[in-house]
file upload-v9.cif (mmCIF, C-alpha atoms; chains and numbers go by the auth columns)
data_coords
#
loop_
_atom_site.group_PDB
_atom_site.id
_atom_site.type_symbol
_atom_site.label_atom_id
_atom_site.label_comp_id
_atom_site.label_asym_id
_atom_site.label_seq_id
_atom_site.Cartn_x
_atom_site.Cartn_y
_atom_site.Cartn_z
_atom_site.B_iso_or_equiv
_atom_site.auth_seq_id
_atom_site.auth_asym_id
ATOM 1 C CA MET A 1 -2.667 -20.717 34.062 0.00 1226 Z
ATOM 2 C CA SER A 2 -4.843 -21.335 31.025 0.00 1227 Z
ATOM 3 C CA VAL A 3 -6.872 -18.142 31.189 0.00 1228 Z
ATOM 4 C CA ILE A 4 -6.036 -14.460 31.234 0.00 1229 Z
ATOM 5 C CA VAL A 5 -8.442 -11.573 31.685 0.00 1230 Z
ATOM 6 C CA VAL A 6 -7.653 -8.481 29.631 0.00 1231 Z
ATOM 7 C CA PHE A 7 -8.934 -5.204 31.075 0.00 1232 Z
ATOM 8 C CA LEU A 8 -8.871 -1.949 29.158 0.00 1233 Z
ATOM 9 C CA ARG A 9 -6.541 0.070 31.346 0.00 1234 Z
ATOM 10 C CA PRO A 10 -3.909 2.790 30.816 0.00 1235 Z
ATOM 11 C CA LEU A 11 -1.205 0.119 31.249 0.00 1236 Z
ATOM 12 C CA GLY A 12 -2.280 -1.505 27.979 0.00 1237 Z
ATOM 13 C CA LEU A 13 -2.271 1.817 26.188 0.00 1238 Z
ATOM 14 C CA ARG A 14 1.240 2.598 27.394 0.00 1239 Z
ATOM 15 C CA LEU A 15 2.453 -0.819 26.291 0.00 1240 Z
ATOM 16 C CA SER A 16 1.100 -0.220 22.781 0.00 1241 Z
ATOM 17 C CA TYR A 17 3.094 3.025 22.630 0.00 1242 Z
ATOM 18 C CA ARG A 18 6.284 1.197 23.605 0.00 1243 Z
ATOM 19 C CA ILE A 19 5.651 -1.530 21.023 0.00 1244 Z
ATOM 20 C CA ALA A 20 5.209 1.101 18.334 0.00 1245 Z
ATOM 21 C CA ARG A 21 8.473 2.727 19.375 0.00 1246 Z
ATOM 22 C CA GLY A 22 10.144 -0.682 19.304 0.00 1247 Z
ATOM 23 C CA LEU A 23 9.003 -1.202 15.728 0.00 1248 Z
ATOM 24 C CA ASP A 24 10.280 2.248 14.801 0.00 1249 Z
ATOM 25 C CA ARG A 25 13.674 1.542 16.400 0.00 1250 Z
ATOM 26 C CA SER A 26 13.811 -1.756 14.492 0.00 1251 Z
ATOM 27 C CA GLY A 27 13.504 0.151 11.227 0.00 1252 Z
ATOM 28 C CA ILE A 28 9.871 -0.748 10.473 0.00 1253 Z
ATOM 29 C CA ALA A 29 8.501 2.008 8.262 0.00 1254 Z
ATOM 30 C CA PRO A 30 4.795 2.889 7.876 0.00 1255 Z
ATOM 31 C CA GLY A 31 3.108 0.383 5.594 0.00 1256 Z
ATOM 32 C CA GLU A 32 5.557 -2.454 6.298 0.00 1257 Z
ATOM 33 C CA LYS A 33 4.198 -5.837 7.341 0.00 1258 Z
ATOM 34 C CA VAL A 34 4.652 -7.172 10.862 0.00 1259 Z
ATOM 35 C CA ALA A 35 3.653 -10.779 11.583 0.00 1260 Z
ATOM 36 C CA ILE A 36 2.558 -12.371 14.850 0.00 1261 Z
ATOM 37 C CA LEU A 37 2.929 -16.120 15.390 0.00 1262 Z
ATOM 38 C CA SER A 38 1.391 -17.170 18.689 0.00 1263 Z
ATOM 39 C CA GLY A 39 -1.455 -19.053 20.262 0.00 1264 Z
ATOM 40 C CA ASN A 40 -4.016 -17.146 22.308 0.00 1265 Z
ATOM 41 C CA ASP A 41 -1.900 -14.814 24.413 0.00 1266 Z
ATOM 42 C CA PRO A 42 -2.697 -11.321 25.771 0.00 1267 Z
ATOM 43 C CA LEU A 43 0.803 -9.994 25.060 0.00 1268 Z
ATOM 44 C CA ALA A 44 0.615 -11.145 21.450 0.00 1269 Z
ATOM 45 C CA PHE A 45 -2.762 -9.468 21.075 0.00 1270 Z
ATOM 46 C CA ALA A 46 -1.432 -6.252 22.635 0.00 1271 Z
ATOM 47 C CA CYS A 47 1.142 -6.183 19.826 0.00 1272 Z
ATOM 48 C CA VAL A 48 -1.710 -5.740 17.338 0.00 1273 Z
ATOM 49 C CA PHE A 49 -2.360 -2.261 18.746 0.00 1274 Z
ATOM 50 C CA GLY A 50 1.335 -1.387 18.777 0.00 1275 Z
ATOM 51 C CA ILE A 51 1.566 -2.373 15.124 0.00 1276 Z
ATOM 52 C CA SER A 52 -1.341 -0.065 14.352 0.00 1277 Z
ATOM 53 C CA ARG A 53 0.240 2.844 16.249 0.00 1278 Z
ATOM 54 C CA ALA A 54 3.426 2.322 14.239 0.00 1279 Z
ATOM 55 C CA ALA A 55 1.302 2.626 11.045 0.00 1280 Z
ATOM 56 C CA ALA A 56 2.441 -0.865 10.068 0.00 1281 Z
ATOM 57 C CA VAL A 57 0.264 -3.753 8.837 0.00 1282 Z
ATOM 58 C CA TRP A 58 -0.709 -6.694 11.054 0.00 1283 Z
ATOM 59 C CA CYS A 59 -0.233 -10.140 9.501 0.00 1284 Z
ATOM 60 C CA PRO A 60 -1.681 -12.840 11.784 0.00 1285 Z
ATOM 61 C CA ILE A 61 0.077 -16.166 11.194 0.00 1286 Z
ATOM 62 C CA ASN A 62 -1.943 -19.304 11.846 0.00 1287 Z
ATOM 63 C CA PRO A 63 -0.127 -21.250 14.596 0.00 1288 Z
ATOM 64 C CA ARG A 64 -1.695 -24.482 13.346 0.00 1289 Z
ATOM 65 C CA ASN A 65 -0.080 -24.261 9.915 0.00 1290 Z
ATOM 66 C CA GLU A 66 2.862 -26.381 8.907 0.00 1291 Z
ATOM 67 C CA ALA A 67 6.268 -24.661 8.804 0.00 1292 Z
ATOM 68 C CA THR A 68 6.406 -24.718 4.988 0.00 1293 Z
ATOM 69 C CA GLU A 69 3.035 -22.981 4.722 0.00 1294 Z
ATOM 70 C CA ASN A 70 3.950 -20.268 7.211 0.00 1295 Z
ATOM 71 C CA LYS A 71 7.282 -19.756 5.451 0.00 1296 Z
ATOM 72 C CA PHE A 72 5.405 -19.234 2.202 0.00 1297 Z
ATOM 73 C CA ILE A 73 3.015 -16.742 3.838 0.00 1298 Z
ATOM 74 C CA LEU A 74 5.780 -14.752 5.544 0.00 1299 Z
ATOM 75 C CA ASP A 75 7.643 -14.465 2.256 0.00 1300 Z
ATOM 76 C CA GLN A 76 4.669 -13.733 0.014 0.00 1301 Z
ATOM 77 C CA PHE A 77 3.263 -11.121 2.392 0.00 1302 Z
ATOM 78 C CA ASP A 78 6.668 -9.361 2.513 0.00 1303 Z
ATOM 79 C CA CYS A 79 6.835 -9.502 6.311 0.00 1304 Z
ATOM 80 C CA SER A 80 9.713 -7.469 7.723 0.00 1305 Z
ATOM 81 C CA LEU A 81 9.460 -8.399 11.414 0.00 1306 Z
ATOM 82 C CA LEU A 82 8.062 -11.416 13.244 0.00 1307 Z
ATOM 83 C CA LEU A 83 6.862 -11.454 16.850 0.00 1308 Z
ATOM 84 C CA PHE A 84 6.506 -15.054 18.045 0.00 1309 Z
ATOM 85 C CA HIS A 85 5.956 -17.175 21.134 0.00 1310 Z
ATOM 86 C CA SER A 86 8.784 -19.466 22.226 0.00 1311 Z
ATOM 87 C CA SER A 87 6.603 -22.541 21.667 0.00 1312 Z
ATOM 88 C CA PHE A 88 7.078 -21.874 17.941 0.00 1313 Z
ATOM 89 C CA ALA A 89 10.830 -21.271 18.181 0.00 1314 Z
ATOM 90 C CA PRO A 90 11.733 -24.562 16.416 0.00 1315 Z
ATOM 91 C CA MET A 91 9.494 -23.618 13.481 0.00 1316 Z
ATOM 92 C CA VAL A 92 10.933 -20.097 13.278 0.00 1317 Z
ATOM 93 C CA GLU A 93 14.515 -21.337 13.495 0.00 1318 Z
ATOM 94 C CA ALA A 94 13.845 -23.865 10.724 0.00 1319 Z
ATOM 95 C CA VAL A 95 12.522 -21.301 8.240 0.00 1320 Z
ATOM 96 C CA ARG A 96 14.270 -18.024 9.082 0.00 1321 Z
ATOM 97 C CA GLN A 97 17.294 -18.610 6.833 0.00 1322 Z
ATOM 98 C CA ASP A 98 14.966 -18.891 3.834 0.00 1323 Z
ATOM 99 C CA LEU A 99 13.233 -15.562 4.530 0.00 1324 Z
ATOM 100 C CA PRO A 100 15.530 -12.771 3.314 0.00 1325 Z
ATOM 101 C CA LYS A 101 12.770 -10.142 3.623 0.00 1326 Z
ATOM 102 C CA LEU A 102 12.400 -10.870 7.352 0.00 1327 Z
ATOM 103 C CA ARG A 103 14.825 -8.410 8.927 0.00 1328 Z
ATOM 104 C CA ALA A 104 14.035 -8.876 12.619 0.00 1329 Z
ATOM 105 C CA LEU A 105 12.727 -11.517 15.029 0.00 1330 Z
ATOM 106 C CA VAL A 106 11.394 -10.931 18.549 0.00 1331 Z
ATOM 107 C CA CYS A 107 10.422 -13.672 21.009 0.00 1332 Z
ATOM 108 C CA LEU A 108 7.505 -12.700 23.243 0.00 1333 Z
ATOM 109 C CA ASP A 109 8.433 -14.732 26.295 0.00 1334 Z
ATOM 110 C CA ALA A 110 12.073 -15.831 26.165 0.00 1335 Z
ATOM 111 C CA GLU A 111 15.596 -14.829 25.177 0.00 1336 Z
ATOM 112 C CA LEU A 112 16.791 -16.967 22.269 0.00 1337 Z
ATOM 113 C CA PRO A 113 20.148 -17.190 20.464 0.00 1338 Z
ATOM 114 C CA PHE A 114 18.578 -15.916 17.249 0.00 1339 Z
ATOM 115 C CA ALA A 115 15.957 -13.524 18.674 0.00 1340 Z
ATOM 116 C CA PRO A 116 15.906 -11.015 21.547 0.00 1341 Z
ATOM 117 C CA SER A 117 13.223 -11.283 24.180 0.00 1342 Z
ATOM 118 C CA PHE A 118 10.293 -8.899 24.046 0.00 1343 Z
ATOM 119 C CA GLU A 119 11.507 -7.305 27.275 0.00 1344 Z
ATOM 120 C CA ARG A 120 14.995 -6.631 25.909 0.00 1345 Z
ATOM 121 C CA TRP A 121 13.593 -5.451 22.578 0.00 1346 Z
ATOM 122 C CA LEU A 122 11.598 -2.759 24.413 0.00 1347 Z
ATOM 123 C CA GLY A 123 14.470 -1.857 26.736 0.00 1348 Z
ATOM 124 C CA GLY A 124 15.006 1.882 27.222 0.00 1349 Z
ATOM 125 C CA LEU A 125 11.874 2.933 25.355 0.00 1350 Z
ATOM 126 C CA THR A 126 9.406 5.363 26.884 0.00 1351 Z
ATOM 127 C CA ASP A 127 5.659 4.884 27.028 0.00 1352 Z
ATOM 128 C CA ASP A 128 4.774 8.438 25.991 0.00 1353 Z
ATOM 129 C CA VAL A 129 1.926 8.853 23.521 0.00 1354 Z
ATOM 130 C CA TYR A 130 3.068 7.731 20.080 0.00 1355 Z
ATOM 131 C CA GLN A 131 1.186 7.520 16.787 0.00 1356 Z
ATOM 132 C CA ARG A 132 2.685 7.623 13.295 0.00 1357 Z
ATOM 133 C CA ALA A 133 0.810 8.823 10.225 0.00 1358 Z
ATOM 134 C CA THR A 134 -0.231 6.047 7.849 0.00 1359 Z
ATOM 135 C CA ILE A 135 0.664 5.953 4.177 0.00 1360 Z
ATOM 136 C CA ASP A 136 -2.662 4.316 3.283 0.00 1361 Z
ATOM 137 C CA ASP A 137 -5.540 2.594 5.087 0.00 1362 Z
ATOM 138 C CA LEU A 138 -4.203 -0.977 4.883 0.00 1363 Z
ATOM 139 C CA ALA A 139 -4.403 -2.394 8.417 0.00 1364 Z
ATOM 140 C CA MET A 140 -4.390 -6.189 8.269 0.00 1365 Z
ATOM 141 C CA ILE A 141 -3.547 -9.048 5.901 0.00 1366 Z
ATOM 142 C CA PRO A 142 -4.931 -12.378 7.119 0.00 1367 Z
ATOM 143 C CA GLY A 143 -4.170 -15.498 5.111 0.00 1368 Z
ATOM 144 C CA THR A 144 -6.812 -17.660 3.510 0.00 1369 Z
ATOM 145 C CA GLY A 145 -7.004 -21.354 4.311 0.00 1370 Z
ATOM 146 C CA GLY A 146 -5.524 -22.454 0.995 0.00 1371 Z
ATOM 147 C CA THR A 147 -8.285 -24.982 0.254 0.00 1372 Z
ATOM 148 C CA THR A 148 -8.329 -23.973 -3.417 0.00 1373 Z
ATOM 149 C CA GLY A 149 -4.571 -23.625 -3.843 0.00 1374 Z
ATOM 150 C CA LYS A 150 -1.793 -21.798 -2.060 0.00 1375 Z
ATOM 151 C CA PRO A 151 -2.861 -19.364 0.700 0.00 1376 Z
ATOM 152 C CA LYS A 152 -3.595 -15.812 -0.355 0.00 1377 Z
ATOM 153 C CA GLY A 153 -3.631 -12.581 1.602 0.00 1378 Z
ATOM 154 C CA VAL A 154 -6.854 -10.686 2.223 0.00 1379 Z
ATOM 155 C CA MET A 155 -6.081 -6.961 2.326 0.00 1380 Z
ATOM 156 C CA LEU A 156 -8.296 -5.342 4.962 0.00 1381 Z
ATOM 157 C CA SER A 157 -8.326 -1.605 5.456 0.00 1382 Z
ATOM 158 C CA GLY A 158 -9.018 0.267 8.653 0.00 1383 Z
ATOM 159 C CA ARG A 159 -12.441 1.112 7.255 0.00 1384 Z
ATOM 160 C CA ASN A 160 -13.116 -2.588 6.660 0.00 1385 Z
ATOM 161 C CA ILE A 161 -12.429 -3.322 10.317 0.00 1386 Z
ATOM 162 C CA GLU A 162 -14.458 -0.310 11.454 0.00 1387 Z
ATOM 163 C CA ALA A 163 -17.365 -1.480 9.291 0.00 1388 Z
ATOM 164 C CA MET A 164 -17.187 -5.034 10.696 0.00 1389 Z
ATOM 165 C CA THR A 165 -17.123 -3.610 14.218 0.00 1390 Z
ATOM 166 C CA ALA A 166 -20.090 -1.333 13.525 0.00 1391 Z
ATOM 167 C CA LEU A 167 -22.111 -4.153 11.946 0.00 1392 Z
ATOM 168 C CA THR A 168 -21.444 -6.377 14.942 0.00 1393 Z
ATOM 169 C CA LEU A 169 -22.544 -3.633 17.334 0.00 1394 Z
ATOM 170 C CA MET A 170 -25.716 -3.093 15.316 0.00 1395 Z
ATOM 171 C CA GLY A 171 -26.463 -6.775 14.787 0.00 1396 Z
ATOM 172 C CA TYR A 172 -26.286 -7.907 18.413 0.00 1397 Z
ATOM 173 C CA PRO A 173 -28.166 -6.289 21.317 0.00 1398 Z
ATOM 174 C CA PHE A 174 -25.223 -5.424 23.546 0.00 1399 Z
ATOM 175 C CA LYS A 175 -26.117 -4.071 26.968 0.00 1400 Z
ATOM 176 C CA GLY A 176 -23.732 -2.458 29.392 0.00 1401 Z
ATOM 177 C CA ARG A 177 -20.097 -3.560 29.374 0.00 1402 Z
ATOM 178 C CA PRO A 178 -19.867 -7.022 27.769 0.00 1403 Z
ATOM 179 C CA ILE A 179 -17.542 -9.805 28.869 0.00 1404 Z
ATOM 180 C CA TYR A 180 -16.173 -11.781 25.926 0.00 1405 Z
ATOM 181 C CA LEU A 181 -14.710 -15.268 26.267 0.00 1406 Z
ATOM 182 C CA ALA A 182 -12.117 -15.932 23.557 0.00 1407 Z
ATOM 183 C CA LEU A 183 -11.679 -19.665 23.115 0.00 1408 Z
ATOM 184 C CA ALA A 184 -11.236 -19.727 19.325 0.00 1409 Z
ATOM 185 C CA PRO A 185 -7.909 -18.515 17.840 0.00 1410 Z
ATOM 186 C CA LEU A 186 -7.349 -14.763 18.116 0.00 1411 Z
ATOM 187 C CA THR A 187 -5.560 -14.948 14.763 0.00 1412 Z
ATOM 188 C CA HIS A 188 -8.966 -15.476 13.143 0.00 1413 Z
ATOM 189 C CA ALA A 189 -12.497 -14.185 13.726 0.00 1414 Z
ATOM 190 C CA ALA A 190 -12.191 -14.398 17.510 0.00 1415 Z
ATOM 191 C CA GLY A 191 -9.533 -11.675 17.413 0.00 1416 Z
ATOM 192 C CA VAL A 192 -11.447 -9.286 15.172 0.00 1417 Z
ATOM 193 C CA LEU A 193 -14.531 -9.774 17.354 0.00 1418 Z
ATOM 194 C CA CYS A 194 -12.593 -8.361 20.306 0.00 1419 Z
ATOM 195 C CA PHE A 195 -12.838 -4.913 18.745 0.00 1420 Z
ATOM 196 C CA PRO A 196 -16.577 -4.306 19.269 0.00 1421 Z
ATOM 197 C CA ILE A 197 -16.215 -5.587 22.846 0.00 1422 Z
ATOM 198 C CA MET A 198 -13.385 -3.154 23.508 0.00 1423 Z
ATOM 199 C CA THR A 199 -15.326 -0.345 21.848 0.00 1424 Z
ATOM 200 C CA LEU A 200 -17.912 -0.724 24.609 0.00 1425 Z
ATOM 201 C CA GLY A 201 -15.269 -0.816 27.349 0.00 1426 Z
ATOM 202 C CA GLY A 202 -15.793 -4.528 27.920 0.00 1427 Z
ATOM 203 C CA ARG A 203 -13.433 -7.257 29.069 0.00 1428 Z
ATOM 204 C CA VAL A 204 -11.831 -10.087 27.130 0.00 1429 Z
ATOM 205 C CA VAL A 205 -11.173 -13.415 28.849 0.00 1430 Z
ATOM 206 C CA ILE A 206 -8.510 -15.258 26.825 0.00 1431 Z
ATOM 207 C CA MET A 207 -8.228 -19.031 26.967 0.00 1432 Z
ATOM 208 C CA HIS A 208 -4.786 -20.314 25.995 0.00 1433 Z
ATOM 209 C CA HIS A 209 -6.073 -23.814 25.227 0.00 1434 Z
ATOM 210 C CA PRO A 210 -9.571 -25.028 24.281 0.00 1435 Z
ATOM 211 C CA ASP A 211 -11.140 -26.951 27.126 0.00 1436 Z
ATOM 212 C CA ILE A 212 -14.926 -27.290 27.222 0.00 1437 Z
ATOM 213 C CA GLY A 213 -15.115 -27.987 30.948 0.00 1438 Z
ATOM 214 C CA GLU A 214 -13.083 -24.901 31.737 0.00 1439 Z
ATOM 215 C CA PHE A 215 -15.064 -22.933 29.153 0.00 1440 Z
ATOM 216 C CA LEU A 216 -18.274 -23.648 31.049 0.00 1441 Z
ATOM 217 C CA ALA A 217 -16.652 -22.827 34.381 0.00 1442 Z
ATOM 218 C CA LEU A 218 -15.364 -19.498 33.061 0.00 1443 Z
ATOM 219 C CA ILE A 219 -18.816 -18.461 31.853 0.00 1444 Z
ATOM 220 C CA GLU A 220 -20.023 -18.764 35.441 0.00 1445 Z
ATOM 221 C CA ARG A 221 -16.894 -17.321 37.079 0.00 1446 Z
ATOM 222 C CA TYR A 222 -16.664 -14.185 34.943 0.00 1447 Z
ATOM 223 C CA ARG A 223 -20.380 -13.860 34.079 0.00 1448 Z
ATOM 224 C CA VAL A 224 -19.518 -14.081 30.394 0.00 1449 Z
ATOM 225 C CA THR A 225 -22.013 -12.404 28.063 0.00 1450 Z
ATOM 226 C CA HIS A 226 -20.496 -13.136 24.643 0.00 1451 Z
ATOM 227 C CA THR A 227 -18.320 -15.683 22.918 0.00 1452 Z
ATOM 228 C CA PHE A 228 -17.586 -17.023 19.448 0.00 1453 Z
ATOM 229 C CA LEU A 229 -17.488 -20.734 18.666 0.00 1454 Z
ATOM 230 C CA PRO A 230 -16.708 -22.573 15.417 0.00 1455 Z
ATOM 231 C CA PRO A 231 -19.021 -25.489 14.561 0.00 1456 Z
ATOM 232 C CA THR A 232 -16.653 -28.224 15.784 0.00 1457 Z
ATOM 233 C CA VAL A 233 -16.446 -26.634 19.231 0.00 1458 Z
ATOM 234 C CA ILE A 234 -20.221 -26.205 19.354 0.00 1459 Z
ATOM 235 C CA TYR A 235 -20.653 -29.948 18.781 0.00 1460 Z
ATOM 236 C CA MET A 236 -18.143 -30.666 21.563 0.00 1461 Z
ATOM 237 C CA LEU A 237 -20.029 -28.276 23.841 0.00 1462 Z
ATOM 238 C CA LEU A 238 -23.396 -29.875 23.149 0.00 1463 Z
ATOM 239 C CA ASP A 239 -21.935 -33.301 23.888 0.00 1464 Z
ATOM 240 C CA HIS A 240 -20.216 -32.276 27.132 0.00 1465 Z
ATOM 241 C CA PRO A 241 -21.618 -34.017 30.224 0.00 1466 Z
ATOM 242 C CA GLY A 242 -21.378 -30.846 32.313 0.00 1467 Z
ATOM 243 C CA LEU A 243 -23.446 -28.640 29.988 0.00 1468 Z
ATOM 244 C CA ASP A 244 -26.803 -29.023 31.732 0.00 1469 Z
ATOM 245 C CA ALA A 245 -25.388 -28.445 35.202 0.00 1470 Z
ATOM 246 C CA ALA A 246 -23.369 -25.358 34.236 0.00 1471 Z
ATOM 247 C CA ASP A 247 -24.656 -21.909 35.209 0.00 1472 Z
ATOM 248 C CA ARG A 248 -25.081 -20.117 31.887 0.00 1473 Z
ATOM 249 C CA SER A 249 -27.565 -17.529 33.144 0.00 1474 Z
ATOM 250 C CA SER A 250 -25.347 -14.639 32.046 0.00 1475 Z
ATOM 251 C CA SER A 251 -25.439 -15.705 28.391 0.00 1476 Z
ATOM 252 C CA ARG A 252 -27.142 -17.787 25.725 0.00 1477 Z
ATOM 253 C CA ILE A 253 -25.061 -19.760 23.194 0.00 1478 Z
ATOM 254 C CA VAL A 254 -25.892 -19.218 19.518 0.00 1479 Z
ATOM 255 C CA ALA A 255 -24.340 -21.530 16.913 0.00 1480 Z
ATOM 256 C CA MET A 256 -21.380 -20.015 15.041 0.00 1481 Z
ATOM 257 C CA SER A 257 -22.030 -16.686 16.696 0.00 1482 Z
ATOM 258 C CA PHE A 258 -22.081 -14.812 19.972 0.00 1483 Z
ATOM 259 C CA CYS A 259 -23.731 -15.560 23.266 0.00 1484 Z
ATOM 260 C CA GLU A 260 -26.659 -13.189 23.573 0.00 1485 Z
ATOM 261 C CA PRO A 261 -27.442 -11.751 27.010 0.00 1486 Z
ATOM 262 C CA ARG A 262 -30.796 -12.822 28.342 0.00 1487 Z
ATOM 263 C CA SER A 263 -33.423 -10.131 28.712 0.00 1488 Z
#
call {"tool": "encode", "arguments": {"input": "upload-v9.cif", "output": "structure tokens"}}
result
Amino acid sequence: MSVIVVFLRPLGLRLSYRIARGLDRSGIAPGEKVAILSGNDPLAFACVFGISRAAAVWCPINPRNEATENKFILDQFDCSLLLFHSSFAPMVEAVRQDLPKLRALVCLDAELPFAPSFERWLGGLTDDVYQRATIDDLAMIPGTGGTTGKPKGVMLSGRNIEAMTALTLMGYPFKGRPIYLALAPLTHAAGVLCFPIMTLGGRVVIMHHPDIGEFLALIERYRVTHTFLPPTVIYMLLDHPGLDAADRSSSRIVAMSFCEPRS
């Protein structure tokens, strides 16, 4: 399937507790950096919350980068553990020997010779409530695009993310429980924009691969109220032959922004 719907349920909360315990058992101390290398995937995004509960720092790795660039980022950001999807196993295997700071690897969906599966990594751990005290407020280090030189890390605190969430909630007239369609990469703005949706108890529909026809169908199927589209995808959407016939009554597309619910 190319789409997954994420509901806010106790199961997700319990999984985040187990992930945090897994990081603790792997020797990840509060303040250490944990990287995620994956396309749009609900399990990968669930790891973000486990990282937070372990008082570690989330480092989203751009899956579209070349191996040399991601190797540079993993080393420069001092990442201690990498969670990755098996589709990026060749890249990880090619660079892991040159990353002495990277102490542990975990594959989200497969058992590999050089990395345990996510299931085995969490084996024997309970899902009791778990939350470690932080050493500071650093929560996330996303990489810059590197258009003016080598990529740099942007240090975002928990308060930064809370402020971005609050500004989004104030800037857009949300009503009820929103339904957010995540087509753009969750490693970038599309991921951070999940937070205000989840704050309101909404749902997140995750598309693994960008497909404009399916995007339009999902808006109708799930009565999507909000989404986020980069300019290139907006142009593709406007040029799609099925745009006029699609039922978009649940939302209104706004360039480089959210879909606003109709009044």
call {"tool": "atom_distance", "arguments": {"input": "upload-v9.cif", "atom1": "atom CA of Z:Ala1335", "atom2": "atom CA of Z:Met1423"}}
result
28.6 Å
call {"tool": "closest_atom_pairs", "arguments": {"input": "upload-v9.cif", "of": "stretch 1334-1444 of chain Z", "to": "stretch 1274-1279 of chain Z", "cutoff": "9 Å", "atoms": "all atoms listed in the file", "output": "Markdown table"}}
result
| residue | atom | partner | partner_atom | distance |
| --- | --- | --- | --- | --- |
| Z:Tyr1355 | CA | Z:Arg1278 | CA | 6.8 |
| Z:Gln1356 | CA | Z:Arg1278 | CA | 4.8 |
| Z:Arg1357 | CA | Z:Ala1279 | CA | 5.4 |
| Z:Ala1358 | CA | Z:Ala1279 | CA | 8.1 |
| Z:Thr1359 | CA | Z:Ala1279 | CA | 8.3 |
| Z:Ala1364 | CA | Z:Ser1277 | CA | 7.1 |
call {"tool": "atom_distance", "arguments": {"input": "upload-v9.cif", "atom1": "atom CA of Z:Phe1420", "atom2": "atom CA of Z:Leu1394"}}
result
9.9 Å
call {"tool": "closest_residue", "arguments": {"input": "upload-v9.cif", "among": "Z:Asn1265, Z:Ser1251, Z:Gln1301, Z:Thr1390", "to": "Z:Lys1377", "atoms": "all atoms listed in the file"}}
result
Z:Gln1301
call {"tool": "closest_residue", "arguments": {"input": "upload-v9.cif", "among": "Z:Pro1341, Z:Gly1237, Z:Gly1378, Z:Gly1348", "to": "Z:Ile1298", "atoms": "all atoms listed in the file"}}
result
Z:Gly1378
call {"tool": "decode", "arguments": {"input": "upload-v9.cif", "residues": "stretch 1354-1369 of chain Z", "atoms": "N, CA and C atoms", "output": "PDB file, in the first residue's frame"}}
result
ATOM      1  N   VAL Z1354       4.839   3.385  31.104  1.00  0.00           N
ATOM      2  CA  VAL Z1354       5.149   4.805  30.935  1.00  0.00           C
ATOM      3  C   VAL Z1354       6.631   5.053  31.206  1.00  0.00           C
ATOM      4  N   TYR Z1355       7.259   5.797  30.320  1.00  0.00           N
ATOM      5  CA  TYR Z1355       8.702   6.035  30.422  1.00  0.00           C
ATOM      6  C   TYR Z1355       9.017   7.430  29.897  1.00  0.00           C
ATOM      7  N   GLN Z1356       9.704   8.217  30.695  1.00  0.00           N
ATOM      8  CA  GLN Z1356      10.112   9.560  30.281  1.00  0.00           C
ATOM      9  C   GLN Z1356      11.351   9.964  31.074  1.00  0.00           C
ATOM     10  N   ARG Z1357      12.455  10.205  30.370  1.00  0.00           N
ATOM     11  CA  ARG Z1357      13.686  10.617  31.033  1.00  0.00           C
ATOM     12  C   ARG Z1357      13.778  12.135  31.089  1.00  0.00           C
ATOM     13  N   ALA Z1358      14.443  12.633  32.112  1.00  0.00           N
ATOM     14  CA  ALA Z1358      14.655  14.076  32.250  1.00  0.00           C
ATOM     15  C   ALA Z1358      15.698  14.540  31.239  1.00  0.00           C
ATOM     16  N   THR Z1359      15.447  15.683  30.621  1.00  0.00           N
ATOM     17  CA  THR Z1359      16.376  16.224  29.630  1.00  0.00           C
ATOM     18  C   THR Z1359      17.526  16.960  30.310  1.00  0.00           C
ATOM     19  N   ILE Z1360      18.635  17.081  29.574  1.00  0.00           N
ATOM     20  CA  ILE Z1360      19.755  17.851  30.111  1.00  0.00           C
ATOM     21  C   ILE Z1360      19.699  19.297  29.636  1.00  0.00           C
ATOM     22  N   ASP Z1361      18.986  19.536  28.545  1.00  0.00           N
ATOM     23  CA  ASP Z1361      18.719  20.892  28.056  1.00  0.00           C
ATOM     24  C   ASP Z1361      17.470  20.802  27.187  1.00  0.00           C
ATOM     25  N   ASP Z1362      17.154  21.859  26.455  1.00  0.00           N
ATOM     26  CA  ASP Z1362      15.907  21.876  25.684  1.00  0.00           C
ATOM     27  C   ASP Z1362      16.132  21.567  24.203  1.00  0.00           C
ATOM     28  N   LEU Z1363      17.321  21.096  23.831  1.00  0.00           N
ATOM     29  CA  LEU Z1363      17.576  20.768  22.432  1.00  0.00           C
ATOM     30  C   LEU Z1363      16.749  19.546  22.045  1.00  0.00           C
ATOM     31  N   ALA Z1364      15.928  19.677  20.984  1.00  0.00           N
ATOM     32  CA  ALA Z1364      15.022  18.607  20.605  1.00  0.00           C
ATOM     33  C   ALA Z1364      15.273  18.061  19.219  1.00  0.00           C
ATOM     34  N   MET Z1365      15.799  18.877  18.309  1.00  0.00           N
ATOM     35  CA  MET Z1365      15.880  18.474  16.907  1.00  0.00           C
ATOM     36  C   MET Z1365      17.010  19.214  16.217  1.00  0.00           C
ATOM     37  N   ILE Z1366      17.734  18.518  15.334  1.00  0.00           N
ATOM     38  CA  ILE Z1366      18.765  19.158  14.520  1.00  0.00           C
ATOM     39  C   ILE Z1366      18.545  18.764  13.065  1.00  0.00           C
ATOM     40  N   PRO Z1367      17.765  19.532  12.322  1.00  0.00           N
ATOM     41  CA  PRO Z1367      17.630  19.267  10.889  1.00  0.00           C
ATOM     42  C   PRO Z1367      18.809  19.852  10.132  1.00  0.00           C
ATOM     43  N   GLY Z1368      19.151  19.261   9.011  1.00  0.00           N
ATOM     44  CA  GLY Z1368      20.240  19.772   8.190  1.00  0.00           C
ATOM     45  C   GLY Z1368      19.745  20.802   7.194  1.00  0.00           C
ATOM     46  N   THR Z1369      20.590  21.742   6.864  1.00  0.00           N
ATOM     47  CA  THR Z1369      20.268  22.702   5.818  1.00  0.00           C
ATOM     48  C   THR Z1369      20.531  22.060   4.460  1.00  0.00           C
TER      49      THR Z1369
END
